[in-house]
Each structure stands twice: as C-alpha cells, then as structure tokens.
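Below: coords_19.txt (compact mmCIF, C-alpha atoms)
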```
# COMPACT_ATOMS: atom_id res chain seq x y z
CA MET Y 938 94.04 120.84 112.85
CA SER Y 939 93.11 121.45 116.47
CA GLU Y 940 94.45 119.77 119.60
CA VAL Y 941 92.51 116.63 120.30
CA PRO Y 942 92.71 113.63 122.61
CA ARG Y 943 94.29 110.25 122.34
CA GLN Y 944 92.53 108.33 119.63
CA SER Y 945 90.47 109.10 116.59
CA ALA Y 946 87.02 107.88 117.49
CA LEU Y 947 87.32 109.39 120.96
CA ALA Y 948 88.20 112.75 119.48
CA GLU Y 949 84.93 114.34 118.53
CA ALA Y 950 86.41 117.80 118.14
CA ILE Y 951 85.66 119.36 114.81
CA CYS Y 952 88.65 120.52 112.87
CA GLU Y 953 89.77 121.58 109.45
CA VAL Y 954 92.03 119.71 107.09
CA GLU Y 955 93.51 122.01 104.51
CA VAL Y 956 94.81 120.82 101.16
CA PHE Y 957 97.23 123.08 99.28
CA LYS Y 958 95.17 125.35 97.05
CA GLU Y 959 96.92 124.04 93.93
CA TYR Y 960 95.68 120.51 94.75
CA GLU Y 961 92.06 121.54 95.31
CA GLU Y 962 90.87 119.92 92.06
CA GLY Y 963 92.01 116.58 93.50
CA LEU Y 964 89.17 116.84 96.04
CA LYS Y 965 86.45 116.61 93.37
CA ASP Y 966 83.69 114.25 94.60
CA ILE Y 967 85.29 113.76 98.04
CA GLU Y 968 82.10 115.25 99.48
CA THR Y 969 80.16 112.18 98.28
CA PHE Y 970 81.89 110.16 101.02
CA SER Y 971 80.79 110.16 104.66
CA HIS Y 972 84.20 109.09 105.96
CA ILE Y 973 87.75 109.56 104.75
CA PHE Y 974 91.25 108.49 105.67
CA VAL Y 975 93.58 111.31 106.62
CA LEU Y 976 97.30 110.53 106.53
CA TYR Y 977 99.62 112.94 108.25
CA TRP Y 978 103.24 113.39 109.25
CA LEU Y 979 103.72 113.08 113.01
CA HIS Y 980 106.13 115.99 112.97
CA LYS Y 981 106.40 116.33 116.76
CA SER Y 982 107.37 112.70 117.23
CA GLU Y 983 111.03 112.08 117.96
CA GLY Y 984 112.71 108.72 117.66
CA PHE Y 985 110.95 105.45 118.36
CA SER Y 986 110.97 102.43 120.60
CA LEU Y 987 110.21 98.92 119.40
CA LEU Y 988 108.39 98.21 122.67
CA VAL Y 989 106.03 100.87 124.03
CA LYS Y 990 103.72 101.33 126.95
CA THR Y 991 100.34 102.86 126.22
CA PRO Y 992 97.67 104.47 128.39
CA TRP Y 993 95.54 101.34 127.94
CA ASP Y 994 97.48 98.95 130.17
CA ASP Y 995 100.83 98.44 131.88
CA ALA Y 996 102.25 95.87 129.51
CA PRO Y 997 104.77 96.76 126.83
CA HIS Y 998 103.53 96.09 123.31
CA GLY Y 999 105.35 96.09 120.00
CA VAL Y 1000 105.14 99.52 118.41
CA PHE Y 1001 103.45 98.02 115.31
CA ALA Y 1002 100.73 96.60 117.59
CA THR Y 1003 100.01 100.14 118.84
CA ARG Y 1004 99.13 103.49 117.34
CA SER Y 1005 101.99 105.22 119.16
CA PRO Y 1006 103.34 108.24 117.25
CA ARG Y 1007 106.91 107.22 118.11
CA ARG Y 1008 107.36 104.74 115.26
CA PRO Y 1009 110.06 104.10 112.63
CA ASN Y 1010 108.05 105.89 109.94
CA PRO Y 1011 106.03 108.49 111.89
CA ILE Y 1012 102.92 108.55 109.74
CA GLY Y 1013 99.53 108.76 111.40
CA ILE Y 1014 96.20 107.73 109.94
CA SER Y 1015 92.73 108.57 111.15
CA VAL Y 1016 89.39 107.50 109.79
CA VAL Y 1017 87.31 110.65 110.17
CA LYS Y 1018 83.80 111.77 109.44
CA LEU Y 1019 83.61 114.29 106.63
CA ILE Y 1020 81.17 116.99 107.65
CA GLU Y 1021 81.62 119.58 104.97
CA ARG Y 1022 83.92 120.66 102.19
CA ARG Y 1023 84.73 124.33 101.68
CA GLY Y 1024 86.93 124.58 98.62
CA ASN Y 1025 90.33 123.26 99.65
CA VAL Y 1026 89.28 122.79 103.28
CA LEU Y 1027 87.61 119.69 104.70
CA VAL Y 1028 85.70 120.02 107.94
CA VAL Y 1029 85.98 116.72 109.82
CA SER Y 1030 85.44 115.17 113.21
CA GLY Y 1031 87.36 112.37 114.85
CA ILE Y 1032 90.90 113.27 113.93
CA ASP Y 1033 93.81 112.41 116.17
CA ALA Y 1034 96.39 115.07 115.32
CA ILE Y 1035 97.65 118.31 116.76
CA ASP Y 1036 97.33 121.73 115.19
CA GLY Y 1037 99.79 122.32 112.38
CA THR Y 1038 100.33 118.65 111.58
CA PRO Y 1039 101.45 118.31 107.95
CA LEU Y 1040 98.94 116.55 105.73
CA ILE Y 1041 100.26 113.70 103.58
CA ASP Y 1042 97.22 112.29 101.82
CA ILE Y 1043 93.46 111.93 101.81
CA LYS Y 1044 91.71 108.78 100.64
CA PRO Y 1045 88.08 107.76 100.61
CA PHE Y 1046 87.05 105.28 103.28
CA ILE Y 1047 85.23 102.61 101.29
CA PRO Y 1048 83.33 100.28 103.64
CA GLU Y 1049 83.36 97.38 101.17
CA PHE Y 1050 87.16 97.39 101.46
CA ASP Y 1051 87.92 99.04 104.76
CA SER Y 1052 85.22 98.23 107.30
CA LYS Y 1053 85.95 94.90 108.91
CA ASN Y 1054 84.44 92.63 111.48
CA ALA Y 1055 87.71 92.76 113.31
CA ASN Y 1056 88.63 91.98 116.86
CA SER Y 1057 90.40 94.53 119.04
CA GLY Y 1058 93.46 92.41 119.81
CA TRP Y 1059 95.10 93.16 123.16
CA LEU Y 1060 92.80 96.21 123.43
CA GLU Y 1061 89.68 94.01 123.62
CA GLY Y 1062 87.38 95.34 126.32
CA LYS Y 1063 89.64 98.28 127.16
CA ILE Y 1064 87.96 100.84 124.91
CA LYS Y 1065 84.67 102.04 126.30
CA LYS Y 1066 83.31 103.62 123.19
CA GLU Y 1067 80.52 102.82 120.83
CA ARG Y 1068 81.38 102.77 117.19
CA VAL Y 1069 80.42 105.96 115.39
CA MET B 405 104.08 90.66 98.37
CA SER B 406 102.47 88.89 95.42
CA GLU B 407 100.69 90.37 92.42
CA VAL B 408 97.06 90.93 93.25
CA PRO B 409 94.05 92.62 91.71
CA ARG B 410 92.64 96.06 91.94
CA GLN B 411 91.42 96.62 95.46
CA SER B 412 92.12 95.20 98.87
CA ALA B 413 88.94 93.37 99.74
CA LEU B 414 88.78 91.89 96.26
CA ALA B 415 92.30 90.56 96.56
CA GLU B 416 92.04 87.36 98.50
CA ALA B 417 95.50 86.20 97.53
CA ILE B 418 97.62 85.28 100.49
CA CYS B 419 100.91 87.04 100.72
CA GLU B 420 103.72 87.82 103.07
CA VAL B 421 104.62 91.16 104.57
CA GLU B 422 108.19 91.20 105.80
CA VAL B 423 109.45 93.58 108.45
CA PHE B 424 113.19 94.17 108.66
CA LYS B 425 114.63 91.61 111.06
CA GLU B 426 115.94 94.37 113.35
CA TYR B 427 112.38 95.65 113.83
CA GLU B 428 110.91 92.26 114.67
CA GLU B 429 110.45 93.11 118.35
CA GLY B 430 108.05 95.87 117.24
CA LEU B 431 105.62 93.16 116.14
CA LYS B 432 105.06 91.87 119.68
CA ASP B 433 101.32 91.20 120.21
CA ILE B 434 100.41 92.00 116.60
CA GLU B 435 99.11 88.42 116.36
CA THR B 436 96.34 89.32 118.84
CA PHE B 437 94.68 91.37 116.08
CA SER B 438 92.55 89.87 113.32
CA HIS B 439 93.12 92.79 110.95
CA ILE B 440 95.92 95.27 110.42
CA PHE B 441 96.71 98.34 108.35
CA VAL B 442 99.61 97.95 105.99
CA LEU B 443 101.14 101.17 104.66
CA TYR B 444 103.44 100.91 101.67
CA TRP B 445 105.33 103.02 99.20
CA LEU B 446 103.78 102.85 95.73
CA HIS B 447 107.23 102.64 94.18
CA LYS B 448 106.04 101.87 90.64
CA SER B 449 103.76 104.88 90.53
CA GLU B 450 105.02 107.80 88.46
CA GLY B 451 103.66 111.31 88.70
CA PHE B 452 100.05 112.08 89.42
CA SER B 453 96.93 113.68 88.02
CA LEU B 454 94.49 115.69 90.09
CA LEU B 455 91.61 114.20 88.10
CA VAL B 456 91.64 110.48 87.38
CA LYS B 457 89.47 107.94 85.66
CA THR B 458 89.02 104.64 87.42
CA PRO B 459 87.80 101.21 86.30
CA TRP B 460 84.56 101.85 88.21
CA ASP B 461 82.97 104.40 85.88
CA ASP B 462 83.72 106.82 83.06
CA ALA B 463 83.67 110.02 85.08
CA PRO B 464 86.83 111.77 86.23
CA HIS B 465 87.13 112.00 89.99
CA GLY B 466 89.52 113.95 92.16
CA VAL B 467 92.55 111.82 92.99
CA PHE B 468 91.84 112.21 96.73
CA ALA B 469 88.36 110.76 96.12
CA THR B 470 89.97 107.63 94.64
CA ARG B 471 92.54 105.04 95.69
CA SER B 472 94.59 105.62 92.53
CA PRO B 473 98.31 104.97 93.08
CA ARG B 474 99.19 108.05 91.00
CA ARG B 475 98.85 110.58 93.82
CA PRO B 476 100.98 113.45 95.15
CA ASN B 477 102.30 111.33 98.02
CA PRO B 478 102.24 107.78 96.64
CA ILE B 479 101.46 105.91 99.83
CA GLY B 480 99.05 103.00 99.74
CA ILE B 481 97.09 101.56 102.63
CA SER B 482 95.26 98.28 102.86
CA VAL B 483 93.22 96.83 105.68
CA VAL B 484 94.18 93.18 105.60
CA LYS B 485 93.36 90.03 107.48
CA LEU B 486 96.26 88.77 109.57
CA ILE B 487 96.42 85.02 109.16
CA GLU B 488 99.68 84.15 110.85
CA ARG B 489 102.88 85.62 112.13
CA ARG B 490 106.17 83.86 111.55
CA GLY B 491 108.85 85.89 113.29
CA ASN B 492 109.35 89.01 111.19
CA VAL B 493 106.91 87.86 108.51
CA LEU B 494 103.17 88.44 108.55
CA VAL B 495 100.99 86.21 106.41
CA VAL B 496 97.98 88.25 105.28
CA SER B 497 95.14 88.22 102.81
CA GLY B 498 93.50 91.14 101.11
CA ILE B 499 96.48 93.28 100.25
CA ASP B 500 96.53 95.52 97.22
CA ALA B 501 100.21 95.77 96.37
CA ILE B 502 102.64 94.24 93.92
CA ASP B 503 105.59 92.05 94.78
CA GLY B 504 108.56 93.98 96.13
CA THR B 505 106.56 96.96 97.33
CA PRO B 506 108.46 98.71 100.15
CA LEU B 507 106.72 98.49 103.50
CA ILE B 508 106.31 101.77 105.41
CA ASP B 509 104.35 100.86 108.52
CA ILE B 510 102.02 98.38 110.18
CA LYS B 511 99.27 99.46 112.56
CA PRO B 512 96.55 97.51 114.31
CA PHE B 513 93.06 97.90 112.86
CA ILE B 514 90.97 98.75 115.91
CA PRO B 515 87.27 98.48 115.09
CA GLU B 516 86.25 100.92 117.83
CA PHE B 517 88.23 103.59 115.96
CA ASP B 518 88.42 102.40 112.40
CA SER B 519 85.29 100.47 111.45
CA LYS B 520 82.62 102.92 110.36
CA ASN B 521 79.07 102.83 109.15
CA ALA B 522 80.21 104.75 106.13
CA ASN B 523 78.65 105.24 102.74
CA SER B 524 80.55 104.39 99.58
CA GLY B 525 80.40 107.85 98.01
CA TRP B 526 80.43 107.90 94.21
CA LEU B 527 81.25 104.16 94.36
CA GLU B 528 77.88 103.33 95.91
CA GLY B 529 76.40 100.27 94.23
CA LYS B 530 79.42 99.77 91.95
CA ILE B 531 81.28 97.30 94.15
CA LYS B 532 79.77 93.84 94.02
CA LYS B 533 81.44 92.40 97.02
CA GLU B 534 80.31 91.37 100.44
CA ARG B 535 82.27 92.75 103.33
CA VAL B 536 84.79 90.32 104.72
```
Represent the structure of the file as structure tokens.
Amino acid sequence: MSEVPRQSALAEAICEVEVFKEYEEGLKDIETFSHIFVLYWLHKSEGFSLLVKTPWDDAPHGVFATRSPRRPNPIGISVVKLIERRGNVLVVSGIDAIDGTPLIDIKPFIPEFDSKNANSGWLEGKIKKERV
Amino acid sequence: MSEVPRQSALAEAICEVEVFKEYEEGLKDIETFSHIFVLYWLHKSEGFSLLVKTPWDDAPHGVFATRSPRRPNPIGISVVKLIERRGNVLVVSGIDAIDGTPLIDIKPFIPEFDSKNANSGWLEGKIKKERV
C-alpha cells in the first residue's frame, strides 16, 4: 500500500492490496463488486488514548468516536473502490493506510447492508468532500 | 448481543454492545452519530474455506467475496444504527452477531467516507431489502 492522506474518501491515490498467494482462491468473484472493505493492522500505531484530538477540531473526542489509529485494538478499515484484480493483487483507490501495512481481511461492501443514510456526528459540516 | 439472523441490515433486533467499563471515556461523543461500525471476534467460527457456499445461491464464491464467518481472520463487522448510549453500553439495531461475541472495536460510520454508490456484486438482485 502506498502513503496516503488522512481519511479514506479523501485519499484518491491508487494502490495495491496483496493477498498471500496461497489465499488467492478466496478472491473468486471479488471483482464483481465495485467497493470492498479492507481491514488492516495499524502496525505503526503505539498505545492509545481514550480521549483524542483530531485534525477536524480542537475538542477532545472519545477514541471510539474517531478513526484515530491509536486505539485499544489497532485495526483500521477502509471502504475502497475496487478498480482491478490481478491474481492475488487488488488495485484500489481510497485506502487510508501506509505502505507495508499488514492486511487482515477483505469483505465485499454490500450497499443493502452497509450504505446508510447516516449523519456525520460531531464531524457534520467539517468534511468538504462529495461522496464518491 | 442477542441472537439475530443472517445479515446486518436484515437483523432489526435491538441489542446491547458493552464496552469494558474502563474504556467508557473512549465513547465520548459517540452518541452524536446515527450509525457506527462494530467490529467483533467471530469466536464460534472454526477454520475456514477459501471457497464457500452461501444461502444466497448455489455457486461457490471466494471467502473474501462473502461475509462468511469462516474466514482466515474471523473478524466480523456490522454497520448498525445507534439508538441510545447508556454509559458503557450502546443500544443498537442491525447487528449480525450472537450473544456473547467479543467486541473488538467501535468506529463512527462517516457517510462522507463510508457510504458508497456501490453495486452488490454477485449478490445483485438477490437481497430483497430496502436500505435502512
């Protein structure tokens, strides 16, 4: 994975997600989906704080109300656009992870289950980005 | 968490997600979000297959193209509606996990990042459910 900015949908860099070759068969039909979840181990994250400040405002928020990497179980998730599959490699855009981040899992993003008419909580109005 | 059916958005049962009391401060401001990600350990899942059959059709699909619990890293995620917070307990609907499932993480669902105009892949047309 390549170095990308702060949050998934703002990170339009294209990068590659590589599944161990021996798990390649588990990707069968993944290319029928336009978007996938990528779960990864935030291996550069050390420790955690229950209250964190984010780049979005000056107020401290509970870590579970943020996407901070410094969390009790440092697992990151990104919903990314699947551009192409090449064998055991998925070419995606919109991932929020640094190069070398260990992959934990891939799941299909299924809009009937996963796409919600949600609010943006304390982030409402702070994110100047159209949905992609 | 209470016993619920197959997939998140089909599971309208209301249940409680409990964070360890010592992590309660990490939930500050979570109640400002309408929807959250819940990550959990699929502790009843044993082993995995790279190709799996699902209730949706008769074809085998790659495990990473399904939400099967029998996966190399048995972590489940659900996007759920947050109904109420009571201290270290979140009352939610739409979770796809059985009672006693260990909680791994909670993250805000941020529509600017996470809500996508996605297709449904090989599941297209198979899910008879309006988006909630």
Item to complete: Return the neighbours of chain B among the residues of chain Y, cut-off 7 Å, counting all atoms listed in the file, as a ChimeraX atom specification.
Response: /Y:945-946,960,962-967,969-972,987-988,998-1004,1010,1016,1041-1045,1047-1053,1055-1059,1066-1069
Using C-alpha atoms, can you write the selected residues to a file as a CSV table (one decimal), in the coordinates of the input?
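Contents of the output file out_7.csv:
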```csv
chain,number,residue,atom,x,y,z
Y,945,SER,CA,90.5,109.1,116.6
Y,946,ALA,CA,87.0,107.9,117.5
Y,960,TYR,CA,95.7,120.5,94.8
Y,962,GLU,CA,90.9,119.9,92.1
Y,963,GLY,CA,92.0,116.6,93.5
Y,964,LEU,CA,89.2,116.8,96.0
Y,965,LYS,CA,86.4,116.6,93.4
Y,966,ASP,CA,83.7,114.2,94.6
Y,967,ILE,CA,85.3,113.8,98.0
Y,969,THR,CA,80.2,112.2,98.3
Y,970,PHE,CA,81.9,110.2,101.0
Y,971,SER,CA,80.8,110.2,104.7
Y,972,HIS,CA,84.2,109.1,106.0
Y,987,LEU,CA,110.2,98.9,119.4
Y,988,LEU,CA,108.4,98.2,122.7
Y,998,HIS,CA,103.5,96.1,123.3
Y,999,GLY,CA,105.4,96.1,120.0
Y,1000,VAL,CA,105.1,99.5,118.4
Y,1001,PHE,CA,103.4,98.0,115.3
Y,1002,ALA,CA,100.7,96.6,117.6
Y,1003,THR,CA,100.0,100.1,118.8
Y,1004,ARG,CA,99.1,103.5,117.3
Y,1010,ASN,CA,108.0,105.9,109.9
Y,1016,VAL,CA,89.4,107.5,109.8
Y,1041,ILE,CA,100.3,113.7,103.6
Y,1042,ASP,CA,97.2,112.3,101.8
Y,1043,ILE,CA,93.5,111.9,101.8
Y,1044,LYS,CA,91.7,108.8,100.6
Y,1045,PRO,CA,88.1,107.8,100.6
Y,1047,ILE,CA,85.2,102.6,101.3
Y,1048,PRO,CA,83.3,100.3,103.6
Y,1049,GLU,CA,83.4,97.4,101.2
Y,1050,PHE,CA,87.2,97.4,101.5
Y,1051,ASP,CA,87.9,99.0,104.8
Y,1052,SER,CA,85.2,98.2,107.3
Y,1053,LYS,CA,86.0,94.9,108.9
Y,1055,ALA,CA,87.7,92.8,113.3
Y,1056,ASN,CA,88.6,92.0,116.9
Y,1057,SER,CA,90.4,94.5,119.0
Y,1058,GLY,CA,93.5,92.4,119.8
Y,1059,TRP,CA,95.1,93.2,123.2
Y,1066,LYS,CA,83.3,103.6,123.2
Y,1067,GLU,CA,80.5,102.8,120.8
Y,1068,ARG,CA,81.4,102.8,117.2
Y,1069,VAL,CA,80.4,106.0,115.4
```
Present chain Y as a JSON list (two decimals) with C-alpha atoms, in the frame of the given file, least-squares fitted onto chain B over all of its C-alpha atoms paired in order.
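As a result, superposed_36.json now contains:
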```
[["chain", "number", "residue", "atom", "x", "y", "z"],
["Y", 938, "MET", "CA", 104.12, 90.72, 98.41],
["Y", 939, "SER", "CA", 102.53, 88.94, 95.47],
["Y", 940, "GLU", "CA", 100.74, 90.42, 92.46],
["Y", 941, "VAL", "CA", 97.11, 90.97, 93.26],
["Y", 942, "PRO", "CA", 94.09, 92.66, 91.72],
["Y", 943, "ARG", "CA", 92.64, 96.10, 91.95],
["Y", 944, "GLN", "CA", 91.42, 96.63, 95.47],
["Y", 945, "SER", "CA", 92.12, 95.23, 98.88],
["Y", 946, "ALA", "CA", 88.96, 93.38, 99.76],
["Y", 947, "LEU", "CA", 88.76, 91.91, 96.27],
["Y", 948, "ALA", "CA", 92.28, 90.60, 96.56],
["Y", 949, "GLU", "CA", 92.02, 87.37, 98.46],
["Y", 950, "ALA", "CA", 95.50, 86.21, 97.51],
["Y", 951, "ILE", "CA", 97.61, 85.28, 100.47],
["Y", 952, "CYS", "CA", 100.91, 87.05, 100.71],
["Y", 953, "GLU", "CA", 103.72, 87.81, 103.07],
["Y", 954, "VAL", "CA", 104.61, 91.15, 104.58],
["Y", 955, "GLU", "CA", 108.17, 91.19, 105.79],
["Y", 956, "VAL", "CA", 109.44, 93.57, 108.45],
["Y", 957, "PHE", "CA", 113.19, 94.17, 108.66],
["Y", 958, "LYS", "CA", 114.62, 91.61, 111.06],
["Y", 959, "GLU", "CA", 115.95, 94.35, 113.35],
["Y", 960, "TYR", "CA", 112.38, 95.65, 113.83],
["Y", 961, "GLU", "CA", 110.89, 92.24, 114.65],
["Y", 962, "GLU", "CA", 110.43, 93.10, 118.35],
["Y", 963, "GLY", "CA", 108.05, 95.86, 117.24],
["Y", 964, "LEU", "CA", 105.60, 93.15, 116.13],
["Y", 965, "LYS", "CA", 105.06, 91.86, 119.68],
["Y", 966, "ASP", "CA", 101.32, 91.20, 120.21],
["Y", 967, "ILE", "CA", 100.40, 92.01, 116.59],
["Y", 968, "GLU", "CA", 99.11, 88.44, 116.36],
["Y", 969, "THR", "CA", 96.33, 89.31, 118.83],
["Y", 970, "PHE", "CA", 94.68, 91.37, 116.07],
["Y", 971, "SER", "CA", 92.55, 89.87, 113.31],
["Y", 972, "HIS", "CA", 93.11, 92.79, 110.93],
["Y", 973, "ILE", "CA", 95.92, 95.27, 110.43],
["Y", 974, "PHE", "CA", 96.69, 98.32, 108.35],
["Y", 975, "VAL", "CA", 99.61, 97.94, 105.98],
["Y", 976, "LEU", "CA", 101.14, 101.16, 104.65],
["Y", 977, "TYR", "CA", 103.43, 100.90, 101.68],
["Y", 978, "TRP", "CA", 105.34, 103.01, 99.19],
["Y", 979, "LEU", "CA", 103.80, 102.83, 95.72],
["Y", 980, "HIS", "CA", 107.24, 102.64, 94.17],
["Y", 981, "LYS", "CA", 106.05, 101.87, 90.63],
["Y", 982, "SER", "CA", 103.77, 104.89, 90.52],
["Y", 983, "GLU", "CA", 105.03, 107.80, 88.46],
["Y", 984, "GLY", "CA", 103.67, 111.31, 88.67],
["Y", 985, "PHE", "CA", 100.04, 112.08, 89.43],
["Y", 986, "SER", "CA", 96.94, 113.66, 88.02],
["Y", 987, "LEU", "CA", 94.49, 115.68, 90.09],
["Y", 988, "LEU", "CA", 91.60, 114.21, 88.09],
["Y", 989, "VAL", "CA", 91.65, 110.47, 87.36],
["Y", 990, "LYS", "CA", 89.48, 107.93, 85.65],
["Y", 991, "THR", "CA", 89.03, 104.62, 87.42],
["Y", 992, "PRO", "CA", 87.80, 101.20, 86.30],
["Y", 993, "TRP", "CA", 84.56, 101.84, 88.20],
["Y", 994, "ASP", "CA", 82.97, 104.39, 85.88],
["Y", 995, "ASP", "CA", 83.73, 106.81, 83.06],
["Y", 996, "ALA", "CA", 83.66, 110.01, 85.06],
["Y", 997, "PRO", "CA", 86.82, 111.75, 86.21],
["Y", 998, "HIS", "CA", 87.13, 111.99, 89.98],
["Y", 999, "GLY", "CA", 89.52, 113.95, 92.15],
["Y", 1000, "VAL", "CA", 92.54, 111.82, 92.98],
["Y", 1001, "PHE", "CA", 91.83, 112.21, 96.73],
["Y", 1002, "ALA", "CA", 88.35, 110.75, 96.13],
["Y", 1003, "THR", "CA", 89.98, 107.63, 94.63],
["Y", 1004, "ARG", "CA", 92.54, 105.06, 95.67],
["Y", 1005, "SER", "CA", 94.60, 105.61, 92.52],
["Y", 1006, "PRO", "CA", 98.32, 104.95, 93.06],
["Y", 1007, "ARG", "CA", 99.20, 108.04, 91.00],
["Y", 1008, "ARG", "CA", 98.85, 110.56, 93.82],
["Y", 1009, "PRO", "CA", 100.98, 113.45, 95.15],
["Y", 1010, "ASN", "CA", 102.29, 111.33, 98.03],
["Y", 1011, "PRO", "CA", 102.24, 107.77, 96.64],
["Y", 1012, "ILE", "CA", 101.47, 105.90, 99.84],
["Y", 1013, "GLY", "CA", 99.05, 103.00, 99.74],
["Y", 1014, "ILE", "CA", 97.08, 101.57, 102.64],
["Y", 1015, "SER", "CA", 95.27, 98.27, 102.86],
["Y", 1016, "VAL", "CA", 93.22, 96.84, 105.67],
["Y", 1017, "VAL", "CA", 94.19, 93.17, 105.59],
["Y", 1018, "LYS", "CA", 93.36, 90.04, 107.49],
["Y", 1019, "LEU", "CA", 96.25, 88.77, 109.57],
["Y", 1020, "ILE", "CA", 96.43, 85.02, 109.16],
["Y", 1021, "GLU", "CA", 99.67, 84.14, 110.85],
["Y", 1022, "ARG", "CA", 102.88, 85.62, 112.14],
["Y", 1023, "ARG", "CA", 106.19, 83.86, 111.53],
["Y", 1024, "GLY", "CA", 108.86, 85.88, 113.27],
["Y", 1025, "ASN", "CA", 109.36, 89.01, 111.19],
["Y", 1026, "VAL", "CA", 106.91, 87.86, 108.51],
["Y", 1027, "LEU", "CA", 103.16, 88.44, 108.55],
["Y", 1028, "VAL", "CA", 100.99, 86.21, 106.42],
["Y", 1029, "VAL", "CA", 97.97, 88.24, 105.28],
["Y", 1030, "SER", "CA", 95.14, 88.22, 102.80],
["Y", 1031, "GLY", "CA", 93.49, 91.15, 101.09],
["Y", 1032, "ILE", "CA", 96.48, 93.28, 100.24],
["Y", 1033, "ASP", "CA", 96.52, 95.52, 97.20],
["Y", 1034, "ALA", "CA", 100.22, 95.77, 96.36],
["Y", 1035, "ILE", "CA", 102.65, 94.25, 93.92],
["Y", 1036, "ASP", "CA", 105.59, 92.05, 94.78],
["Y", 1037, "GLY", "CA", 108.56, 93.97, 96.12],
["Y", 1038, "THR", "CA", 106.54, 96.96, 97.32],
["Y", 1039, "PRO", "CA", 108.44, 98.70, 100.14],
["Y", 1040, "LEU", "CA", 106.72, 98.49, 103.50],
["Y", 1041, "ILE", "CA", 106.29, 101.76, 105.41],
["Y", 1042, "ASP", "CA", 104.34, 100.85, 108.52],
["Y", 1043, "ILE", "CA", 102.01, 98.38, 110.17],
["Y", 1044, "LYS", "CA", 99.26, 99.44, 112.56],
["Y", 1045, "PRO", "CA", 96.54, 97.51, 114.31],
["Y", 1046, "PHE", "CA", 93.06, 97.90, 112.86],
["Y", 1047, "ILE", "CA", 90.97, 98.75, 115.91],
["Y", 1048, "PRO", "CA", 87.26, 98.47, 115.07],
["Y", 1049, "GLU", "CA", 86.22, 100.90, 117.82],
["Y", 1050, "PHE", "CA", 88.20, 103.58, 115.96],
["Y", 1051, "ASP", "CA", 88.42, 102.39, 112.40],
["Y", 1052, "SER", "CA", 85.29, 100.48, 111.44],
["Y", 1053, "LYS", "CA", 82.61, 102.91, 110.35],
["Y", 1054, "ASN", "CA", 79.06, 102.83, 109.15],
["Y", 1055, "ALA", "CA", 80.19, 104.75, 106.13],
["Y", 1056, "ASN", "CA", 78.65, 105.24, 102.75],
["Y", 1057, "SER", "CA", 80.55, 104.39, 99.58],
["Y", 1058, "GLY", "CA", 80.39, 107.86, 98.02],
["Y", 1059, "TRP", "CA", 80.43, 107.89, 94.22],
["Y", 1060, "LEU", "CA", 81.24, 104.15, 94.35],
["Y", 1061, "GLU", "CA", 77.86, 103.33, 95.92],
["Y", 1062, "GLY", "CA", 76.41, 100.26, 94.23],
["Y", 1063, "LYS", "CA", 79.43, 99.77, 91.97],
["Y", 1064, "ILE", "CA", 81.29, 97.29, 94.17],
["Y", 1065, "LYS", "CA", 79.76, 93.85, 94.08],
["Y", 1066, "LYS", "CA", 81.45, 92.43, 97.10],
["Y", 1067, "GLU", "CA", 80.32, 91.41, 100.52],
["Y", 1068, "ARG", "CA", 82.29, 92.77, 103.39],
["Y", 1069, "VAL", "CA", 84.81, 90.31, 104.77]]
```
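As for CA of Arg490 (chain B) and CA of Ala996 (chain Y), they are spaced 22.0 Å apart.
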re CA of Arg489 (chain B) and CA of Val423 (chain B): distance 11.0 Å
Can you take region 456-460 of chain B from the block and write all heavy atoms as a compact mmCIF listing (two decimals), in the first residue's frame?
```
# COMPACT_ATOMS: atom_id res chain seq x y z
N VAL B 456 -16.65 -20.82 -0.54
CA VAL B 456 -17.79 -21.10 0.34
C VAL B 456 -19.09 -21.00 -0.42
O VAL B 456 -19.22 -20.23 -1.38
CB VAL B 456 -17.83 -20.12 1.54
CG1 VAL B 456 -16.59 -20.27 2.41
CG2 VAL B 456 -17.98 -18.68 1.10
N LYS B 457 -20.06 -21.79 0.03
CA LYS B 457 -21.42 -21.62 -0.46
C LYS B 457 -22.19 -20.81 0.56
O LYS B 457 -21.96 -20.95 1.77
CB LYS B 457 -22.09 -22.98 -0.68
CG LYS B 457 -21.53 -23.70 -1.91
CD LYS B 457 -22.48 -24.75 -2.41
CE LYS B 457 -21.92 -25.43 -3.66
NZ LYS B 457 -22.83 -26.46 -4.19
N THR B 458 -23.08 -19.97 0.07
CA THR B 458 -23.84 -19.10 0.95
C THR B 458 -25.33 -19.40 0.76
O THR B 458 -25.71 -20.11 -0.18
CB THR B 458 -23.60 -17.62 0.59
OG1 THR B 458 -24.24 -17.34 -0.65
CG2 THR B 458 -22.11 -17.31 0.51
N PRO B 459 -26.18 -18.88 1.63
CA PRO B 459 -27.62 -19.09 1.45
C PRO B 459 -28.17 -18.37 0.22
O PRO B 459 -29.32 -18.57 -0.15
CB PRO B 459 -28.22 -18.48 2.72
CG PRO B 459 -27.09 -18.39 3.70
CD PRO B 459 -25.86 -18.16 2.88
N TRP B 460 -27.37 -17.51 -0.42
CA TRP B 460 -27.90 -16.65 -1.47
C TRP B 460 -27.99 -17.32 -2.82
O TRP B 460 -28.81 -16.95 -3.65
CB TRP B 460 -27.07 -15.37 -1.58
CG TRP B 460 -27.02 -14.60 -0.30
CD1 TRP B 460 -25.99 -14.56 0.59
CD2 TRP B 460 -28.06 -13.80 0.28
NE1 TRP B 460 -26.31 -13.77 1.67
CE2 TRP B 460 -27.58 -13.30 1.50
CE3 TRP B 460 -29.36 -13.47 -0.12
CZ2 TRP B 460 -28.34 -12.47 2.33
CZ3 TRP B 460 -30.12 -12.65 0.70
CH2 TRP B 460 -29.61 -12.17 1.91
```
